[in-house]
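Structure file upload39.cif (mmCIF, N, CA and C atoms) is printed below.
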data_my_file
#
loop_
_atom_site.group_PDB
_atom_site.id
_atom_site.type_symbol
_atom_site.label_atom_id
_atom_site.label_comp_id
_atom_site.auth_asym_id
_atom_site.auth_seq_id
_atom_site.Cartn_x
_atom_site.Cartn_y
_atom_site.Cartn_z
ATOM 1 N N MET A 271 -47.922 140.643 112.839
ATOM 2 C CA MET A 271 -47.141 139.724 112.014
ATOM 3 C C MET A 271 -46.953 140.364 110.638
ATOM 4 N N SER A 272 -45.726 140.344 110.158
ATOM 5 C CA SER A 272 -45.436 140.961 108.866
ATOM 6 C C SER A 272 -46.001 140.124 107.718
ATOM 7 N N ILE A 273 -46.063 140.738 106.546
ATOM 8 C CA ILE A 273 -46.532 140.021 105.361
ATOM 9 C C ILE A 273 -45.611 138.832 105.086
ATOM 10 N N ALA A 274 -44.302 139.057 105.212
ATOM 11 C CA ALA A 274 -43.346 137.973 104.969
ATOM 12 C C ALA A 274 -43.559 136.823 105.950
ATOM 13 N N GLU A 275 -43.812 137.153 107.221
ATOM 14 C CA GLU A 275 -44.059 136.105 108.220
ATOM 15 C C GLU A 275 -45.350 135.351 107.913
ATOM 16 N N GLN A 276 -46.371 136.073 107.468
ATOM 17 C CA GLN A 276 -47.631 135.423 107.103
ATOM 18 C C GLN A 276 -47.441 134.485 105.918
ATOM 19 N N GLU A 277 -46.678 134.944 104.917
ATOM 20 C CA GLU A 277 -46.418 134.102 103.749
ATOM 21 C C GLU A 277 -45.620 132.864 104.137
ATOM 22 N N ALA A 278 -44.624 133.047 105.015
ATOM 23 C CA ALA A 278 -43.801 131.916 105.462
ATOM 24 C C ALA A 278 -44.644 130.900 106.219
ATOM 25 N N GLU A 279 -45.512 131.384 107.094
ATOM 26 C CA GLU A 279 -46.377 130.483 107.865
ATOM 27 C C GLU A 279 -47.337 129.735 106.942
ATOM 28 N N LYS A 280 -47.813 130.415 105.897
ATOM 29 C CA LYS A 280 -48.717 129.766 104.940
ATOM 30 C C LYS A 280 -47.974 128.701 104.138
ATOM 31 N N ALA A 281 -46.757 129.035 103.685
ATOM 32 C CA ALA A 281 -45.985 128.089 102.876
ATOM 33 C C ALA A 281 -45.458 126.931 103.713
ATOM 34 N N TYR A 282 -45.051 127.229 104.940
ATOM 35 C CA TYR A 282 -44.457 126.217 105.825
ATOM 36 C C TYR A 282 -45.103 126.316 107.197
ATOM 37 N N PRO A 283 -46.333 125.821 107.331
ATOM 38 C CA PRO A 283 -47.021 125.945 108.613
ATOM 39 C C PRO A 283 -46.272 125.215 109.728
ATOM 40 N N THR A 284 -46.361 125.786 110.933
ATOM 41 C CA THR A 284 -45.734 125.164 112.085
ATOM 42 C C THR A 284 -46.368 123.797 112.315
ATOM 43 N N ARG A 285 -45.513 122.802 112.448
ATOM 44 C CA ARG A 285 -46.008 121.439 112.676
ATOM 45 C C ARG A 285 -45.498 120.953 114.024
ATOM 46 N N HIS A 286 -46.355 120.211 114.697
ATOM 47 C CA HIS A 286 -46.009 119.654 116.007
ATOM 48 C C HIS A 286 -46.067 118.135 115.932
ATOM 49 N N TRP A 287 -45.253 117.498 116.776
ATOM 50 C CA TRP A 287 -45.334 116.048 116.859
ATOM 51 C C TRP A 287 -46.733 115.693 117.326
ATOM 52 N N GLU A 288 -47.296 114.679 116.726
ATOM 53 C CA GLU A 288 -48.682 114.298 116.984
ATOM 54 C C GLU A 288 -48.954 114.154 118.473
ATOM 55 N N GLY A 289 -50.019 114.838 118.914
ATOM 56 C CA GLY A 289 -50.449 114.739 120.304
ATOM 57 C C GLY A 289 -49.627 115.564 121.279
ATOM 58 N N THR A 290 -48.731 116.401 120.783
ATOM 59 C CA THR A 290 -47.893 117.208 121.687
ATOM 60 C C THR A 290 -47.877 118.661 121.213
ATOM 61 N N HIS A 291 -47.239 119.481 122.011
ATOM 62 C CA HIS A 291 -47.013 120.875 121.626
ATOM 63 C C HIS A 291 -45.543 121.086 121.273
ATOM 64 N N VAL A 292 -44.847 119.982 121.004
ATOM 65 C CA VAL A 292 -43.435 120.038 120.638
ATOM 66 C C VAL A 292 -43.333 120.190 119.124
ATOM 67 N N LYS A 293 -42.617 121.224 118.707
ATOM 68 C CA LYS A 293 -42.469 121.459 117.274
ATOM 69 C C LYS A 293 -41.579 120.386 116.652
ATOM 70 N N GLU A 294 -41.973 120.002 115.431
ATOM 71 C CA GLU A 294 -41.130 119.082 114.675
ATOM 72 C C GLU A 294 -39.865 119.815 114.256
ATOM 73 N N LEU A 295 -38.757 119.123 114.294
ATOM 74 C CA LEU A 295 -37.480 119.680 113.867
ATOM 75 C C LEU A 295 -37.002 118.949 112.631
ATOM 76 N N PHE A 296 -36.266 119.648 111.805
ATOM 77 C CA PHE A 296 -35.637 118.994 110.671
ATOM 78 C C PHE A 296 -34.243 119.576 110.550
ATOM 79 N N TYR A 297 -33.408 118.856 109.894
ATOM 80 C CA TYR A 297 -32.027 119.291 109.760
ATOM 81 C C TYR A 297 -31.726 119.578 108.299
ATOM 82 N N CYS A 298 -30.934 120.596 108.091
ATOM 83 C CA CYS A 298 -30.536 120.943 106.736
ATOM 84 C C CYS A 298 -29.071 121.345 106.760
ATOM 85 N N ASP A 299 -28.470 121.320 105.584
ATOM 86 C CA ASP A 299 -27.070 121.724 105.512
ATOM 87 C C ASP A 299 -26.970 123.126 104.914
ATOM 88 N N THR A 300 -25.759 123.632 104.788
ATOM 89 C CA THR A 300 -25.577 124.990 104.288
ATOM 90 C C THR A 300 -26.058 125.138 102.851
ATOM 91 N N ASP A 301 -25.978 124.085 102.046
ATOM 92 C CA ASP A 301 -26.507 124.160 100.678
ATOM 93 C C ASP A 301 -28.009 124.427 100.694
ATOM 94 N N ASP A 302 -28.713 123.765 101.608
ATOM 95 C CA ASP A 302 -30.159 123.987 101.728
ATOM 96 C C ASP A 302 -30.456 125.431 102.131
ATOM 97 N N LEU A 303 -29.689 125.956 103.075
ATOM 98 C CA LEU A 303 -29.892 127.324 103.535
ATOM 99 C C LEU A 303 -29.583 128.321 102.420
ATOM 100 N N GLN A 304 -28.511 128.068 101.674
ATOM 101 C CA GLN A 304 -28.162 128.952 100.566
ATOM 102 C C GLN A 304 -29.249 128.927 99.493
ATOM 103 N N GLU A 305 -29.768 127.748 99.193
ATOM 104 C CA GLU A 305 -30.836 127.634 98.196
ATOM 105 C C GLU A 305 -32.086 128.394 98.655
ATOM 106 N N ALA A 306 -32.426 128.267 99.918
ATOM 107 C CA ALA A 306 -33.592 128.974 100.455
ATOM 108 C C ALA A 306 -33.380 130.486 100.368
ATOM 109 N N TYR A 307 -32.176 130.930 100.685
ATOM 110 C CA TYR A 307 -31.875 132.353 100.599
ATOM 111 C C TYR A 307 -32.025 132.848 99.156
ATOM 112 N N LEU A 308 -31.452 132.103 98.219
ATOM 113 C CA LEU A 308 -31.515 132.503 96.810
ATOM 114 C C LEU A 308 -32.948 132.531 96.295
ATOM 115 N N ARG A 309 -33.741 131.570 96.709
ATOM 116 C CA ARG A 309 -35.150 131.570 96.285
ATOM 117 C C ARG A 309 -35.869 132.809 96.777
ATOM 118 N N GLY A 310 -35.620 133.180 98.018
ATOM 119 C CA GLY A 310 -36.237 134.377 98.570
ATOM 120 C C GLY A 310 -35.727 135.639 97.900
ATOM 121 N N ARG A 311 -34.437 135.677 97.646
ATOM 122 C CA ARG A 311 -33.810 136.852 97.036
ATOM 123 C C ARG A 311 -34.268 137.046 95.602
ATOM 124 N N ASN A 312 -34.546 135.951 94.908
ATOM 125 C CA ASN A 312 -34.934 136.008 93.500
ATOM 126 C C ASN A 312 -36.444 136.013 93.291
ATOM 127 N N ALA A 313 -37.197 135.938 94.360
ATOM 128 C CA ALA A 313 -38.659 135.906 94.240
ATOM 129 C C ALA A 313 -39.175 137.227 93.669
ATOM 130 N N PRO A 314 -40.230 137.160 92.895
ATOM 131 C CA PRO A 314 -40.801 138.413 92.373
ATOM 132 C C PRO A 314 -41.336 139.258 93.529
ATOM 133 N N PRO A 315 -41.362 140.575 93.366
ATOM 134 C CA PRO A 315 -41.870 141.427 94.441
ATOM 135 C C PRO A 315 -43.360 141.180 94.671
ATOM 136 N N THR A 316 -43.751 141.309 95.913
ATOM 137 C CA THR A 316 -45.165 141.148 96.262
ATOM 138 C C THR A 316 -45.918 142.433 95.923
ATOM 139 N N ASN A 317 -47.231 142.341 95.888
ATOM 140 C CA ASN A 317 -48.050 143.535 95.651
ATOM 141 C C ASN A 317 -47.810 144.589 96.732
ATOM 142 N N ALA A 318 -47.579 144.140 97.973
ATOM 143 C CA ALA A 318 -47.320 145.085 99.063
ATOM 144 C C ALA A 318 -46.010 145.835 98.829
ATOM 145 N N GLU A 319 -44.976 145.143 98.351
ATOM 146 C CA GLU A 319 -43.701 145.803 98.051
ATOM 147 C C GLU A 319 -43.874 146.810 96.921
ATOM 148 N N ILE A 320 -44.578 146.394 95.893
ATOM 149 C CA ILE A 320 -44.793 147.276 94.739
ATOM 150 C C ILE A 320 -45.546 148.531 95.167
ATOM 151 N N GLU A 321 -46.605 148.356 95.956
ATOM 152 C CA GLU A 321 -47.377 149.514 96.385
ATOM 153 C C GLU A 321 -46.558 150.419 97.297
ATOM 154 N N ALA A 322 -45.724 149.853 98.156
ATOM 155 C CA ALA A 322 -44.885 150.677 99.037
ATOM 156 C C ALA A 322 -43.948 151.555 98.219
ATOM 157 N N VAL A 323 -43.341 150.999 97.180
ATOM 158 C CA VAL A 323 -42.455 151.784 96.326
ATOM 159 C C VAL A 323 -43.259 152.819 95.541
ATOM 160 N N ALA A 324 -44.428 152.424 95.028
ATOM 161 C CA ALA A 324 -45.272 153.355 94.273
ATOM 162 C C ALA A 324 -45.700 154.530 95.145
ATOM 163 N N ARG A 325 -46.056 154.260 96.380
ATOM 164 C CA ARG A 325 -46.460 155.326 97.295
ATOM 165 C C ARG A 325 -45.309 156.301 97.536
ATOM 166 N N ARG A 326 -44.100 155.761 97.709
ATOM 167 C CA ARG A 326 -42.949 156.633 97.945
ATOM 168 C C ARG A 326 -42.641 157.462 96.703
ATOM 169 N N LEU A 327 -42.740 156.846 95.529
ATOM 170 C CA LEU A 327 -42.540 157.602 94.289
ATOM 171 C C LEU A 327 -43.556 158.733 94.180
ATOM 172 N N CYS A 328 -44.780 158.427 94.515
ATOM 173 C CA CYS A 328 -45.850 159.425 94.482
ATOM 174 C C CYS A 328 -45.543 160.548 95.465
ATOM 175 N N TRP A 329 -45.163 160.196 96.679
ATOM 176 C CA TRP A 329 -44.865 161.176 97.720
ATOM 177 C C TRP A 329 -43.696 162.075 97.311
ATOM 178 N N ASN A 330 -42.696 161.479 96.672
ATOM 179 C CA ASN A 330 -41.521 162.239 96.255
ATOM 180 C C ASN A 330 -41.751 163.065 94.991
ATOM 181 N N SER A 331 -42.850 162.791 94.303
ATOM 182 C CA SER A 331 -43.138 163.489 93.051
ATOM 183 C C SER A 331 -43.551 164.933 93.328
ATOM 184 N N CYS A 332 -43.128 165.828 92.461
ATOM 185 C CA CYS A 332 -43.542 167.231 92.618
ATOM 186 C C CYS A 332 -44.684 167.561 91.670
ATOM 187 N N LYS A 333 -45.135 166.586 90.879
ATOM 188 C CA LYS A 333 -46.221 166.822 89.919
ATOM 189 C C LYS A 333 -47.507 166.207 90.447
ATOM 190 N N TRP A 334 -48.305 167.024 91.129
ATOM 191 C CA TRP A 334 -49.532 166.484 91.700
ATOM 192 C C TRP A 334 -50.673 166.530 90.717
ATOM 193 N N ASP A 335 -50.930 167.669 90.167
ATOM 194 C CA ASP A 335 -52.060 167.765 89.247
ATOM 195 C C ASP A 335 -51.691 168.580 88.008
ATOM 196 N N GLY A 336 -50.424 168.656 87.725
ATOM 197 C CA GLY A 336 -49.996 169.367 86.541
ATOM 198 C C GLY A 336 -49.694 170.831 86.781
ATOM 199 N N VAL A 337 -50.222 171.392 87.872
ATOM 200 C CA VAL A 337 -49.957 172.795 88.171
ATOM 201 C C VAL A 337 -49.317 172.965 89.547
ATOM 202 N N ASP A 338 -49.013 171.851 90.188
ATOM 203 C CA ASP A 338 -48.328 171.864 91.481
ATOM 204 C C ASP A 338 -49.080 172.691 92.518
ATOM 205 N N SER A 339 -50.400 172.549 92.531
ATOM 206 C CA SER A 339 -51.214 173.365 93.429
ATOM 207 C C SER A 339 -51.688 172.606 94.673
ATOM 208 N N TYR A 340 -51.387 171.323 94.764
ATOM 209 C CA TYR A 340 -51.865 170.542 95.898
ATOM 210 C C TYR A 340 -50.701 170.188 96.805
ATOM 211 N N ALA A 341 -50.805 170.497 98.061
ATOM 212 C CA ALA A 341 -49.771 170.156 99.038
ATOM 213 C C ALA A 341 -50.294 169.025 99.918
ATOM 214 N N ALA A 342 -49.772 167.829 99.720
ATOM 215 C CA ALA A 342 -50.208 166.680 100.509
ATOM 216 C C ALA A 342 -49.639 166.771 101.923
ATOM 217 N N LYS A 343 -50.405 166.251 102.893
ATOM 218 C CA LYS A 343 -49.970 166.272 104.290
ATOM 219 C C LYS A 343 -48.944 165.189 104.577
ATOM 220 N N ASP A 344 -49.116 164.033 103.942
ATOM 221 C CA ASP A 344 -48.217 162.908 104.176
ATOM 222 C C ASP A 344 -48.316 161.943 102.998
ATOM 223 N N GLU A 345 -47.599 160.834 103.102
ATOM 224 C CA GLU A 345 -47.563 159.876 101.994
ATOM 225 C C GLU A 345 -48.940 159.307 101.679
ATOM 226 N N ASP A 346 -49.722 158.998 102.721
ATOM 227 C CA ASP A 346 -51.076 158.465 102.494
ATOM 228 C C ASP A 346 -51.966 159.488 101.790
ATOM 229 N N ASP A 347 -51.872 160.729 102.227
ATOM 230 C CA ASP A 347 -52.669 161.788 101.611
ATOM 231 C C ASP A 347 -52.291 161.957 100.141
ATOM 232 N N ALA A 348 -50.997 161.915 99.851
ATOM 233 C CA ALA A 348 -50.542 162.039 98.464
ATOM 234 C C ALA A 348 -51.077 160.878 97.628
ATOM 235 N N TRP A 349 -51.007 159.660 98.166
ATOM 236 C CA TRP A 349 -51.471 158.478 97.438
ATOM 237 C C TRP A 349 -52.972 158.560 97.187
ATOM 238 N N ASN A 350 -53.719 158.964 98.206
ATOM 239 C CA ASN A 350 -55.169 159.088 98.059
ATOM 240 C C ASN A 350 -55.527 160.154 97.032
ATOM 241 N N TYR A 351 -54.844 161.280 97.071
ATOM 242 C CA TYR A 351 -55.100 162.349 96.110
ATOM 243 C C TYR A 351 -54.757 161.887 94.693
ATOM 244 N N ALA A 352 -53.614 161.217 94.545
ATOM 245 C CA ALA A 352 -53.205 160.732 93.222
ATOM 246 C C ALA A 352 -54.228 159.746 92.665
ATOM 247 N N GLY A 353 -54.899 159.005 93.539
ATOM 248 C CA GLY A 353 -55.915 158.046 93.103
ATOM 249 C C GLY A 353 -57.126 158.703 92.463
ATOM 250 N N GLU A 354 -57.325 159.979 92.729
ATOM 251 C CA GLU A 354 -58.450 160.706 92.127
ATOM 252 C C GLU A 354 -58.149 161.152 90.699
ATOM 253 N N ILE A 355 -56.887 161.052 90.311
ATOM 254 C CA ILE A 355 -56.475 161.487 88.973
ATOM 255 C C ILE A 355 -56.296 160.233 88.114
ATOM 256 N N PRO A 356 -57.085 160.091 87.055
ATOM 257 C CA PRO A 356 -57.017 158.881 86.235
ATOM 258 C C PRO A 356 -55.589 158.590 85.750
ATOM 259 N N GLY A 357 -55.155 157.347 85.981
ATOM 260 C CA GLY A 357 -53.875 156.891 85.486
ATOM 261 C C GLY A 357 -52.687 157.122 86.397
ATOM 262 N N PHE A 358 -52.838 157.945 87.443
ATOM 263 C CA PHE A 358 -51.696 158.237 88.304
ATOM 264 C C PHE A 358 -51.231 157.004 89.077
ATOM 265 N N HIS A 359 -52.143 156.303 89.747
ATOM 266 C CA HIS A 359 -51.746 155.102 90.486
ATOM 267 C C HIS A 359 -51.063 154.111 89.555
ATOM 268 N N GLU A 360 -51.670 153.895 88.406
ATOM 269 C CA GLU A 360 -51.133 152.915 87.459
ATOM 270 C C GLU A 360 -49.717 153.278 87.015
ATOM 271 N N GLU A 361 -49.468 154.554 86.805
ATOM 272 C CA GLU A 361 -48.136 154.984 86.379
ATOM 273 C C GLU A 361 -47.111 154.803 87.492
ATOM 274 N N TYR A 362 -47.477 155.130 88.721
ATOM 275 C CA TYR A 362 -46.549 154.928 89.841
ATOM 276 C C TYR A 362 -46.295 153.437 90.058
ATOM 277 N N ILE A 363 -47.311 152.612 89.899
ATOM 278 C CA ILE A 363 -47.139 151.162 90.044
ATOM 279 C C ILE A 363 -46.244 150.627 88.927
ATOM 280 N N ARG A 364 -46.421 151.122 87.706
ATOM 281 C CA ARG A 364 -45.556 150.710 86.602
ATOM 282 C C ARG A 364 -44.102 151.069 86.903
ATOM 283 N N GLN A 365 -43.876 152.275 87.378
ATOM 284 C CA GLN A 365 -42.524 152.712 87.713
ATOM 285 C C GLN A 365 -41.936 151.870 88.848
ATOM 286 N N ALA A 366 -42.757 151.574 89.845
ATOM 287 C CA ALA A 366 -42.297 150.769 90.983
ATOM 288 C C ALA A 366 -41.869 149.378 90.523
ATOM 289 N N LYS A 367 -42.676 148.756 89.671
ATOM 290 C CA LYS A 367 -42.325 147.433 89.150
ATOM 291 C C LYS A 367 -41.007 147.491 88.391
ATOM 292 N N GLU A 368 -40.836 148.539 87.592
ATOM 293 C CA GLU A 368 -39.606 148.694 86.810
ATOM 294 C C GLU A 368 -38.385 148.851 87.730
ATOM 295 N N LEU A 369 -38.515 149.679 88.770
ATOM 296 C CA LEU A 369 -37.402 149.887 89.694
ATOM 297 C C LEU A 369 -37.068 148.616 90.477
ATOM 298 N N LEU A 370 -38.087 147.911 90.917
ATOM 299 C CA LEU A 370 -37.841 146.668 91.648
ATOM 300 C C LEU A 370 -37.202 145.618 90.748
ATOM 301 N N ALA A 371 -37.621 145.560 89.481
ATOM 302 C CA ALA A 371 -37.010 144.623 88.532
ATOM 303 C C ALA A 371 -35.539 144.973 88.308
ATOM 304 N N LEU A 372 -35.232 146.265 88.204
ATOM 305 C CA LEU A 372 -33.839 146.690 88.038
ATOM 306 C C LEU A 372 -32.992 146.305 89.253
ATOM 307 N N ALA A 373 -33.555 146.490 90.431
ATOM 308 C CA ALA A 373 -32.834 146.141 91.649
ATOM 309 C C ALA A 373 -32.583 144.634 91.729
ATOM 310 N N ARG A 374 -33.578 143.837 91.386
ATOM 311 C CA ARG A 374 -33.404 142.384 91.426
ATOM 312 C C ARG A 374 -32.379 141.943 90.377
ATOM 313 N N LYS A 375 -32.404 142.577 89.195
ATOM 314 C CA LYS A 375 -31.453 142.245 88.156
ATOM 315 C C LYS A 375 -30.016 142.544 88.598
ATOM 316 N N ALA A 376 -29.840 143.694 89.261
ATOM 317 C CA ALA A 376 -28.499 144.072 89.741
ATOM 318 C C ALA A 376 -27.974 143.061 90.752
ATOM 319 N N VAL A 377 -28.839 142.534 91.570
ATOM 320 C CA VAL A 377 -28.425 141.557 92.591
ATOM 321 C C VAL A 377 -28.007 140.242 91.954
ATOM 322 N N ASN A 378 -28.606 139.910 90.821
ATOM 323 C CA ASN A 378 -28.362 138.602 90.205
ATOM 324 C C ASN A 378 -27.312 138.616 89.120
ATOM 325 N N GLU A 379 -26.729 139.747 88.825
ATOM 326 C CA GLU A 379 -25.707 139.785 87.746
ATOM 327 C C GLU A 379 -24.347 139.441 88.310
#
Reformat the file's structure so that it appears as structure tokens.
Amino acid sequence: MSIAEQEAEKAYPTRHWEGTHVKELFYCDTDDLQEAYLRGRNAPPTNAEIEAVARRLCWNSCKWDGVDSYAAKDEDDAWNYAGEIPGFHEEYIRQAKELLALARKAVNE
């Protein structure tokens, strides 16, 4: 189950009619659906989204330790190695937050 599915289930748990296994149904109109879409689209990024972007930024970076002497095997290896250098994770996370904020701003203008 994805993080988004877990969050949705937590926010809106599946409900059944009392004493049955029949799910409760509700009806909504297109305004309700549009509002739900906009709320999701405008929601702040989750920690998982931020870390995913930070990891990719780290992986794409050519500055590993200042002398470019470390060749990471994959994205996880790069992220783990960067974690050994004080401030690297924090800087990639800062950049990720900034990029995600820019993307959300572009969608809402």
- [ ] Decode the PyMOL selection byres (((chain A and resi 295 and name CA) around 9) and name CA) for the given file into explicit residues and return them as a PyMOL selection string.
- [x] chain A and resi 285-286+293-294+296-297
Task: Between atom C of A:Ala373 and atom C of A:Asp302 - distance in Å to one decimal - done: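 Distance between the two atoms: 21.9 Å.
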Open item on the list: Can you pull out every residue from chain A that DSSP, working from the backbone, puts in alpha helix (DSSP H), and format the result as a PyMOL selection string?
Closed with: chain A and resi 273-281+300-312+317-330+345-353+358-378
Task: Proximity to A:Arg326 - best of A:Arg309, A:Trp349, A:Cys298, A:Glu277, all atoms listed in the file - done: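 Distance minimum relative to A:Arg326 lands on A:Trp349.
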TODO: Could you tell me which of A:Asp299, A:Glu288, A:Glu305, A:Glu321 comes closest to A:Tyr362 if we count only C-alpha atoms?
DONE: A:Glu321
TODO: Quick one: everything within 7 Å of A:Arg374, counting only N, CA and C atoms, minus sequence neighbours fewer than 4 positions away in the same chain. Send it as a list in words.
DONE: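 Counting only N, CA and C atoms, the residues come to Arg311, Asn312, Leu369, Leu370, Asn378 and Glu379 of chain A.
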- [ ] Work out how far atom N of A:Trp329 is from atom C of A:Asp347, in Å to one decimal.
- [x] 8.1 Å
Open item on the list: As an exercise, work out the distance from atom CA of A:Arg325 to atom N of A:Ala342 in Å and give it to one decimal place.
Closed with: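 Spanning atom CA of A:Arg325 to atom N of A:Ala342 is a straight-line distance of 13.2 Å.
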Assuming 4 Å of padding per side, give the centre and edge lengths of the axis-aligned box around every listed atom of stretch 294-302 of chain A, in Å to one decimal and as lines of an AutoDock Vina configuration file.
center_x = -33.8
center_y = 122.1
center_z = 108.1
size_x = 24.4
size_y = 14.6
size_z = 22.8
Open item on the list: Could you check which residues have any atom within 10 Å of (-46.0, 167.6, 101.6), counting only C-alpha atoms with coordinates taken straight from the file, and then list them as a VMD selection string?
Closed with: chain A and resid 329 to 332 340 to 345 347 to 348
Residues from the last selection, N, CA and C atoms, saved as a PDB file, in the coordinates of the input:
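Heads up, here's the output in result23.pdb:
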ATOM      1  N   TRP A 329     -45.163 160.196  96.679  1.00  0.00           N
ATOM      2  CA  TRP A 329     -44.865 161.176  97.720  1.00  0.00           C
ATOM      3  C   TRP A 329     -43.696 162.075  97.311  1.00  0.00           C
ATOM      4  N   ASN A 330     -42.696 161.479  96.672  1.00  0.00           N
ATOM      5  CA  ASN A 330     -41.521 162.239  96.255  1.00  0.00           C
ATOM      6  C   ASN A 330     -41.751 163.065  94.991  1.00  0.00           C
ATOM      7  N   SER A 331     -42.850 162.791  94.303  1.00  0.00           N
ATOM      8  CA  SER A 331     -43.138 163.489  93.051  1.00  0.00           C
ATOM      9  C   SER A 331     -43.551 164.933  93.328  1.00  0.00           C
ATOM     10  N   CYS A 332     -43.128 165.828  92.461  1.00  0.00           N
ATOM     11  CA  CYS A 332     -43.542 167.231  92.618  1.00  0.00           C
ATOM     12  C   CYS A 332     -44.684 167.561  91.670  1.00  0.00           C
ATOM     13  N   TYR A 340     -51.387 171.323  94.764  1.00  0.00           N
ATOM     14  CA  TYR A 340     -51.865 170.542  95.898  1.00  0.00           C
ATOM     15  C   TYR A 340     -50.701 170.188  96.805  1.00  0.00           C
ATOM     16  N   ALA A 341     -50.805 170.497  98.061  1.00  0.00           N
ATOM     17  CA  ALA A 341     -49.771 170.156  99.038  1.00  0.00           C
ATOM     18  C   ALA A 341     -50.294 169.025  99.918  1.00  0.00           C
ATOM     19  N   ALA A 342     -49.772 167.829  99.720  1.00  0.00           N
ATOM     20  CA  ALA A 342     -50.208 166.680 100.509  1.00  0.00           C
ATOM     21  C   ALA A 342     -49.639 166.771 101.923  1.00  0.00           C
ATOM     22  N   LYS A 343     -50.405 166.251 102.893  1.00  0.00           N
ATOM     23  CA  LYS A 343     -49.970 166.272 104.290  1.00  0.00           C
ATOM     24  C   LYS A 343     -48.944 165.189 104.577  1.00  0.00           C
ATOM     25  N   ASP A 344     -49.116 164.033 103.942  1.00  0.00           N
ATOM     26  CA  ASP A 344     -48.217 162.908 104.176  1.00  0.00           C
ATOM     27  C   ASP A 344     -48.316 161.943 102.998  1.00  0.00           C
ATOM     28  N   GLU A 345     -47.599 160.834 103.102  1.00  0.00           N
ATOM     29  CA  GLU A 345     -47.563 159.876 101.994  1.00  0.00           C
ATOM     30  C   GLU A 345     -48.940 159.307 101.679  1.00  0.00           C
ATOM     31  N   ASP A 347     -51.872 160.729 102.227  1.00  0.00           N
ATOM     32  CA  ASP A 347     -52.669 161.788 101.611  1.00  0.00           C
ATOM     33  C   ASP A 347     -52.291 161.957 100.141  1.00  0.00           C
ATOM     34  N   ALA A 348     -50.997 161.915  99.851  1.00  0.00           N
ATOM     35  CA  ALA A 348     -50.542 162.039  98.464  1.00  0.00           C
ATOM     36  C   ALA A 348     -51.077 160.878  97.628  1.00  0.00           C
TER      37      ALA A 348
END
Open item on the list: With distances taken over only C-alpha atoms, which residue among A:Glu361, A:Tyr351, A:Leu327, A:Ala371 lies nearest A:Ala313?
Closed with: A:Ala371
Just need stretch 355-375 of chain A in a file, please: C-alpha atoms, as a compact mmCIF listing (two decimals), in the first residue's frame.
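Okay, decode.txt is ready:
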# COMPACT_ATOMS: atom_id res chain seq x y z
CA ILE A 355 29.27 14.22 5.74
CA PRO A 356 27.91 16.82 8.19
CA GLY A 357 25.25 19.03 6.64
CA PHE A 358 24.88 17.19 3.33
CA HIS A 359 21.48 15.60 4.04
CA GLU A 360 20.18 18.87 5.42
CA GLU A 361 21.28 20.80 2.34
CA TYR A 362 19.69 18.32 -0.07
CA ILE A 363 16.48 18.39 2.00
CA ARG A 364 16.50 22.20 1.94
CA GLN A 365 16.91 22.17 -1.83
CA ALA A 366 14.16 19.55 -2.22
CA LYS A 367 11.72 21.63 -0.17
CA GLU A 368 12.56 24.69 -2.27
CA LEU A 369 12.03 22.82 -5.56
CA LEU A 370 8.75 21.29 -4.41
CA ALA A 371 7.52 24.72 -3.24
CA LEU A 372 8.40 26.18 -6.65
CA ALA A 373 6.52 23.40 -8.41
CA ARG A 374 3.44 23.85 -6.23
CA LYS A 375 3.56 27.62 -6.78
